[in-house]
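Asker: Please see the structure below; I have some questions.
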Amino acid sequence: MVAATVAGVFARRASWDLRASPLAAALAARRSRGQPVLDLTESNPTRAGIREPGEALARALAEVAADPASLRYEPEPRGDRRAREAIAAVHAAHGAALDPAHVILTAGTSEGYAHLFRLLADPGDRVHLPSPGYGLFEHLAGLEGLEAAAYPLSAGRGARWRVDLDALAASLGPRSRALLAIHPHNPTGSTLDPDDLASFRALARERGLALLSDEVFAESVACGAPFRSLLAGAADGPLHFVLSGASKLLGLPQLKVAWIAVGGPPSARDDALARLEFVADAFLSVSPLLARTLARLLPQRESLTRMLRARLAENRARLAALAATGPVHALPSEAGWAAILRVRTREGDDEALARRLLEQTGVLVQPGSLFELAAEPGTAQLVVSLLPEPERLARGLAALAAFAATLE
Ligand SMILES: Cc1ncc(COP(=O)(O)O)c(C=O)c1O
């Protein structure tokens with residue numbers, strides 16, 4: 001009876017299965033018993049002892065609060081001009097000339113996706129997302145009534161994952177509207193191969209699709225290797241939207257300011273911007289005070305993210321030291337805040353494996369299946385965050401290795 005009422009009230013798009021997964025239930029049970037958890041999934045930098053971004057944020061907020069301009073409200077649908085100038089400078093550092101007028105601020109990258117999906121697609125239309133991938137984008141598409149179609153990525157040699165272009169082309173149909181690249185990708189840490197970018201551009205032009213690139217992990221590239229935005233050279237390609245934001249770029253999820261940068265052929269780009277401005281104007285969701293705070297922080301990002309980058313480098317080095325011949329080893333990765341571990345086991349269900357690991361050792365990891373990572377027979381894949389304190393990561397990995405040794 002209750003189910004019938006519920007089914008009658010809510011939209012089909014809201015028919016989510018909200019039950020906790022067995023792993024989430026095991027975690028809640030463990031916590032309710034007061035048992036310790038060694039959490040290797042923590043991807044919130046404000047909970048990982050990385051203090052610099054928060055300290056810089058406190059200073060910038062105080063400066064903005066003391067500025068008499070903060071007493072006035074002048075709505076700007078594209079967002080504060082100084083913030084857009086600072087964003088253009090970031091993209092210039094990533095190799096892409098960007099006019100500040102071609103930027104729209106959003107309250108988080110997820111909101112940027114929502115704006116773009118509303119701009120580009122009608123309910124029932126299709127957007128193409130990478131698999132493996134992070135489930136958030138499928139949810140964001142679903143919230144706009146869109147169908148998310150996966151295109152496969154597969155691990156090539158070294159750290160680079162490649163797009164299965166035949167599978168992508170086969171999945172395109174008359175309702176396909178947009179093609180999304182996550183560059184660098186979460187959780188593989190791979191950047192889009194230049195040949196795959198050329199194919200994306202050709203496919204997008206041929207099929208009338210927009211290209212979206214999520215570049216939130218741009219500055220997490222290992223060894224400080226220069227990052228190149230996919231927006232570079234976009235004027236000759238299809239309509240192109242880059243999503244990025246303070247959450248990952250600065251390690252400041254609490255600021256809740258992100259942006260969309262628009263490139264592509266000038267007339268299509270300007271038309272897209274005018275329409276995006278209309279969407280943004282309907283919400284005016286970005287506080288000008290926070291936008292001006294972002295404008296102060298972006299030029300300091302080198303010093304502000306020093307600790308974050310050092311943390312990522314140290315944890316990557318620890319993972320790289322796990323021998324490929326051992327029961328656990330890490331896949332090479334170029335960038336990002338996550339790492340994929342491969343464990344030798346006959347246990348085919350990686351969710352069950354993560355649950356047993358938690359129950360027996362207190363170590364929490366993500367099952368690879370949560371990211372649609374398919375394991376080869378005789379192995380399971382698990383995902384850990386690169387943000388925990390290195391000593392915690394080392395303790396967790398030692399417990400995981402001891403656990404895995406019992407599985408072979
Ligand atoms: C690739 C990628 N893009 C975007 C987001 C969401 O970013 P935001 O916190 O700015 O909404 C995430 C979250 O983890 C992510 O992994």
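So you can find residues: chains in the structure tokens are A, B, ... in the order shown, residues in each start at 1, and ligands are numbered from 1 in order.
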Using only C-alpha atoms and all ligand atoms, determine which residues fall within 7 Å of ligand 1, then list them as an NGL selection string.
Answerer: :A and (108-111 or 134 or 182 or 185-186 or 214 or 216-217 or 244-248 or 253 or 256 or 258)
Asker: Could you give me, as number ranges by chain, the residues within 8 Å of Ala354 of chain A, counting only C-alpha atoms and dropping anything in the same chain fewer than 2 positions from it?
Answerer: A: 23, 350-352, 356-358, 364-367, 382
Asker: What parts of segment 98-218 of chain A does DSSP call strand (DSSP E)? I'd like the answer as an MDAnalysis selection string.
Answerer: chainID A and resid 103:106 126:131 147:155 161:163 176:182 210:214
Asker: Taking N, CA, C and O atoms for each residue, export the selection above as a compact mmCIF listing (two decimals), in the first residue's frame.
Answerer:
```txt
# COMPACT_ATOMS: atom_id res chain seq x y z
N VAL A 103 33.35 32.45 -19.50
CA VAL A 103 33.30 31.62 -18.29
C VAL A 103 31.97 31.89 -17.58
O VAL A 103 31.50 33.02 -17.54
N ILE A 104 31.38 30.82 -17.04
CA ILE A 104 30.16 30.94 -16.24
C ILE A 104 30.44 30.28 -14.90
O ILE A 104 30.86 29.11 -14.87
N LEU A 105 30.23 30.99 -13.81
CA LEU A 105 30.46 30.38 -12.50
C LEU A 105 29.25 29.52 -12.10
O LEU A 105 28.11 29.84 -12.47
N THR A 106 29.53 28.47 -11.34
CA THR A 106 28.46 27.60 -10.83
C THR A 106 28.74 27.26 -9.37
O THR A 106 29.87 27.40 -8.90
N ARG A 126 20.55 11.41 -25.00
CA ARG A 126 21.63 10.56 -24.47
C ARG A 126 22.93 11.34 -24.33
O ARG A 126 23.29 12.12 -25.23
N VAL A 127 23.59 11.11 -23.20
CA VAL A 127 24.95 11.66 -23.05
C VAL A 127 25.90 10.48 -22.85
O VAL A 127 25.52 9.47 -22.24
N HIS A 128 27.10 10.60 -23.40
CA HIS A 128 28.03 9.46 -23.42
C HIS A 128 29.15 9.69 -22.41
O HIS A 128 29.85 10.71 -22.47
N LEU A 129 29.28 8.76 -21.47
CA LEU A 129 30.20 8.90 -20.34
C LEU A 129 31.18 7.73 -20.31
O LEU A 129 30.83 6.63 -20.74
N PRO A 130 32.38 7.95 -19.78
CA PRO A 130 33.35 6.84 -19.74
C PRO A 130 33.01 5.78 -18.68
O PRO A 130 32.48 6.10 -17.62
N SER A 131 33.34 4.54 -19.01
CA SER A 131 33.24 3.45 -18.05
C SER A 131 34.53 2.64 -18.13
O SER A 131 34.92 2.26 -19.24
N GLU A 147 19.49 9.92 -20.61
CA GLU A 147 20.02 8.57 -20.58
C GLU A 147 21.54 8.65 -20.63
O GLU A 147 22.09 9.35 -21.50
N ALA A 148 22.20 7.96 -19.70
CA ALA A 148 23.67 7.93 -19.72
C ALA A 148 24.11 6.67 -20.43
O ALA A 148 23.72 5.57 -20.05
N ALA A 149 24.89 6.82 -21.50
CA ALA A 149 25.41 5.66 -22.22
C ALA A 149 26.90 5.57 -21.95
O ALA A 149 27.61 6.58 -22.06
N ALA A 150 27.37 4.38 -21.58
CA ALA A 150 28.79 4.23 -21.23
C ALA A 150 29.61 3.92 -22.47
O ALA A 150 29.20 3.14 -23.31
N TYR A 151 30.77 4.55 -22.60
CA TYR A 151 31.75 4.10 -23.59
C TYR A 151 32.94 3.52 -22.83
O TYR A 151 33.35 4.05 -21.80
N PRO A 152 33.47 2.38 -23.30
CA PRO A 152 34.51 1.70 -22.52
C PRO A 152 35.90 2.32 -22.65
O PRO A 152 36.30 2.75 -23.73
N LEU A 153 36.58 2.34 -21.52
CA LEU A 153 38.01 2.67 -21.46
C LEU A 153 38.73 1.39 -21.11
O LEU A 153 38.23 0.62 -20.30
N SER A 154 39.89 1.17 -21.68
CA SER A 154 40.63 0.00 -21.22
C SER A 154 42.09 0.36 -20.99
O SER A 154 42.64 1.26 -21.65
N ALA A 155 42.67 -0.35 -20.02
CA ALA A 155 44.04 -0.04 -19.61
C ALA A 155 44.99 -0.40 -20.73
O ALA A 155 44.99 -1.54 -21.21
N TRP A 161 44.97 5.03 -20.20
CA TRP A 161 43.82 4.20 -20.59
C TRP A 161 43.33 4.74 -21.93
O TRP A 161 43.40 5.94 -22.19
N ARG A 162 42.84 3.84 -22.79
CA ARG A 162 42.39 4.26 -24.11
C ARG A 162 40.90 4.04 -24.29
O ARG A 162 40.31 3.16 -23.68
N VAL A 163 40.32 4.89 -25.14
CA VAL A 163 38.90 4.81 -25.43
C VAL A 163 38.67 3.73 -26.48
O VAL A 163 39.40 3.66 -27.47
N SER A 176 21.78 11.13 -29.31
CA SER A 176 23.04 11.45 -28.64
C SER A 176 23.27 12.96 -28.72
O SER A 176 23.12 13.55 -29.78
N ARG A 177 23.64 13.56 -27.60
CA ARG A 177 23.80 15.01 -27.58
C ARG A 177 25.20 15.46 -27.16
O ARG A 177 25.66 16.52 -27.56
N ALA A 178 25.84 14.67 -26.27
CA ALA A 178 27.12 15.16 -25.72
C ALA A 178 28.04 14.00 -25.38
O ALA A 178 27.58 12.90 -25.07
N LEU A 179 29.32 14.29 -25.45
CA LEU A 179 30.36 13.31 -25.19
C LEU A 179 31.26 13.88 -24.08
O LEU A 179 31.77 14.98 -24.21
N LEU A 180 31.38 13.11 -23.00
CA LEU A 180 32.12 13.61 -21.84
C LEU A 180 33.46 12.88 -21.69
O LEU A 180 33.51 11.65 -21.70
N ALA A 181 34.53 13.67 -21.52
CA ALA A 181 35.84 13.12 -21.16
C ALA A 181 36.16 13.61 -19.75
O ALA A 181 35.95 14.79 -19.45
N ILE A 182 36.65 12.70 -18.91
CA ILE A 182 37.12 13.13 -17.58
C ILE A 182 38.64 13.15 -17.71
O ILE A 182 39.26 12.09 -17.90
N ALA A 210 28.13 17.96 -28.60
CA ALA A 210 29.01 18.86 -27.85
C ALA A 210 30.03 18.01 -27.10
O ALA A 210 29.73 16.89 -26.70
N LEU A 211 31.22 18.57 -26.94
CA LEU A 211 32.25 17.90 -26.12
C LEU A 211 32.28 18.54 -24.74
O LEU A 211 32.30 19.77 -24.63
N LEU A 212 32.31 17.70 -23.71
CA LEU A 212 32.47 18.20 -22.34
C LEU A 212 33.75 17.60 -21.80
O LEU A 212 33.99 16.40 -21.99
N SER A 213 34.59 18.43 -21.15
CA SER A 213 35.72 17.81 -20.46
C SER A 213 35.75 18.30 -19.03
O SER A 213 35.68 19.49 -18.75
N ASP A 214 35.80 17.31 -18.13
CA ASP A 214 35.84 17.58 -16.69
C ASP A 214 37.31 17.59 -16.31
O ASP A 214 37.99 16.57 -16.39
```
Asker: Ser385 of chain A: which residues within 7 Å, counting only C-alpha atoms, same-chain residues fewer than 3 positions away excluded, as a list in words?
Answerer: Leu40, Thr41, Glu42, Ser43, Trp337, Ala338, Ala339 and Pro388 of chain A
Asker: Using only N, CA, C and O atoms, please write the residues we just selected to a file, as a PDB file, in the first residue's frame.
Answerer:
```pdb
ATOM      1  N   LEU A  40      40.404   4.112   4.168  1.00  0.00           N
ATOM      2  CA  LEU A  40      41.280   4.437   3.031  1.00  0.00           C
ATOM      3  C   LEU A  40      40.466   5.007   1.866  1.00  0.00           C
ATOM      4  O   LEU A  40      40.953   5.059   0.738  1.00  0.00           O
ATOM      5  N   THR A  41      39.217   5.402   2.140  1.00  0.00           N
ATOM      6  CA  THR A  41      38.391   5.954   1.055  1.00  0.00           C
ATOM      7  C   THR A  41      38.215   7.460   1.212  1.00  0.00           C
ATOM      8  O   THR A  41      37.527   8.083   0.405  1.00  0.00           O
ATOM      9  N   GLU A  42      38.804   8.035   2.267  1.00  0.00           N
ATOM     10  CA  GLU A  42      38.550   9.457   2.550  1.00  0.00           C
ATOM     11  C   GLU A  42      39.031  10.335   1.401  1.00  0.00           C
ATOM     12  O   GLU A  42      40.219  10.421   1.128  1.00  0.00           O
ATOM     13  N   SER A  43      38.074  10.988   0.738  1.00  0.00           N
ATOM     14  CA  SER A  43      38.487  11.835  -0.389  1.00  0.00           C
ATOM     15  C   SER A  43      38.110  13.293  -0.127  1.00  0.00           C
ATOM     16  O   SER A  43      38.058  14.104  -1.051  1.00  0.00           O
ATOM     17  N   TRP A 337      43.085  11.688  -7.408  1.00  0.00           N
ATOM     18  CA  TRP A 337      43.129  11.483  -5.962  1.00  0.00           C
ATOM     19  C   TRP A 337      42.832  10.045  -5.567  1.00  0.00           C
ATOM     20  O   TRP A 337      42.573   9.766  -4.405  1.00  0.00           O
ATOM     21  N   ALA A 338      42.818   9.140  -6.554  1.00  0.00           N
ATOM     22  CA  ALA A 338      42.455   7.760  -6.238  1.00  0.00           C
ATOM     23  C   ALA A 338      43.476   6.815  -6.862  1.00  0.00           C
ATOM     24  O   ALA A 338      44.218   7.193  -7.774  1.00  0.00           O
ATOM     25  N   ALA A 339      43.513   5.594  -6.364  1.00  0.00           N
ATOM     26  CA  ALA A 339      44.385   4.578  -6.957  1.00  0.00           C
ATOM     27  C   ALA A 339      43.630   3.260  -7.002  1.00  0.00           C
ATOM     28  O   ALA A 339      42.827   2.959  -6.109  1.00  0.00           O
ATOM     29  N   PRO A 388      44.563  10.001   2.455  1.00  0.00           N
ATOM     30  CA  PRO A 388      44.837   9.738   3.871  1.00  0.00           C
ATOM     31  C   PRO A 388      46.296  10.022   4.240  1.00  0.00           C
ATOM     32  O   PRO A 388      47.178   9.994   3.367  1.00  0.00           O
TER      33      PRO A 388
END
```
Asker: DSSP on the backbone, alpha helix (DSSP H) only: what residues of segment 324-392 of chain A does that give? Format it as a PyMOL selection string.
Answerer: chain A and resi 350-361+390-392
Asker: Taking only C-alpha atoms into account, which of A:Arg78, A:Arg207, A:Arg292, A:Arg157 comes nearest Pro174 of chain A?
Answerer: A:Arg207
Asker: Just want the 9 Å neighbourhood of segment 278-289 of chain A, counted on only C-alpha atoms, with same-chain residues fewer than 3 positions away dropped. Output as an NGL selection string.
Answerer: :A and (61 or 64-65 or 70 or 73-80 or 104-108 or 115 or 118-119 or 256-258 or 273-275 or 292-294)
Asker: Could you name the residues that touch segment 391-403 of chain A at 12 Å or less, counting only C-alpha atoms, but leaving out those on the same chain fewer than 2 positions away, as an MDAnalysis selection string?
Answerer: chainID A and resid 37:42 48:49 311:312 314:323 325:330 339 341:345 353:354 356:365 382:389 405:408
Asker: For a quick check of understanding, using only C-alpha atoms, which of A:Arg160, A:Arg51, A:Arg175, A:His94 has the smallest distance to Ser333 of chain A?
Answerer: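 Of A:Arg160, A:Arg51, A:Arg175, A:His94, the one nearest Ser333 of chain A is A:Arg160, counting only C-alpha atoms.
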Asker: Calculate how many Å separate atom CA of Ala222 of chain A from atom CA of Ser190 of chain A, rounding to one decimal.
Answerer: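 So the two atoms, atom CA of Ala222 of chain A and atom CA of Ser190 of chain A, lie 10.7 Å apart.
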Asker: In Å to one decimal, how far is atom CA of Pro299 of chain A from atom CA of Ala83 of chain A?
Answerer: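 Result for atom CA of Ala83 of chain A versus atom CA of Pro299 of chain A: 10.2 Å, one decimal.
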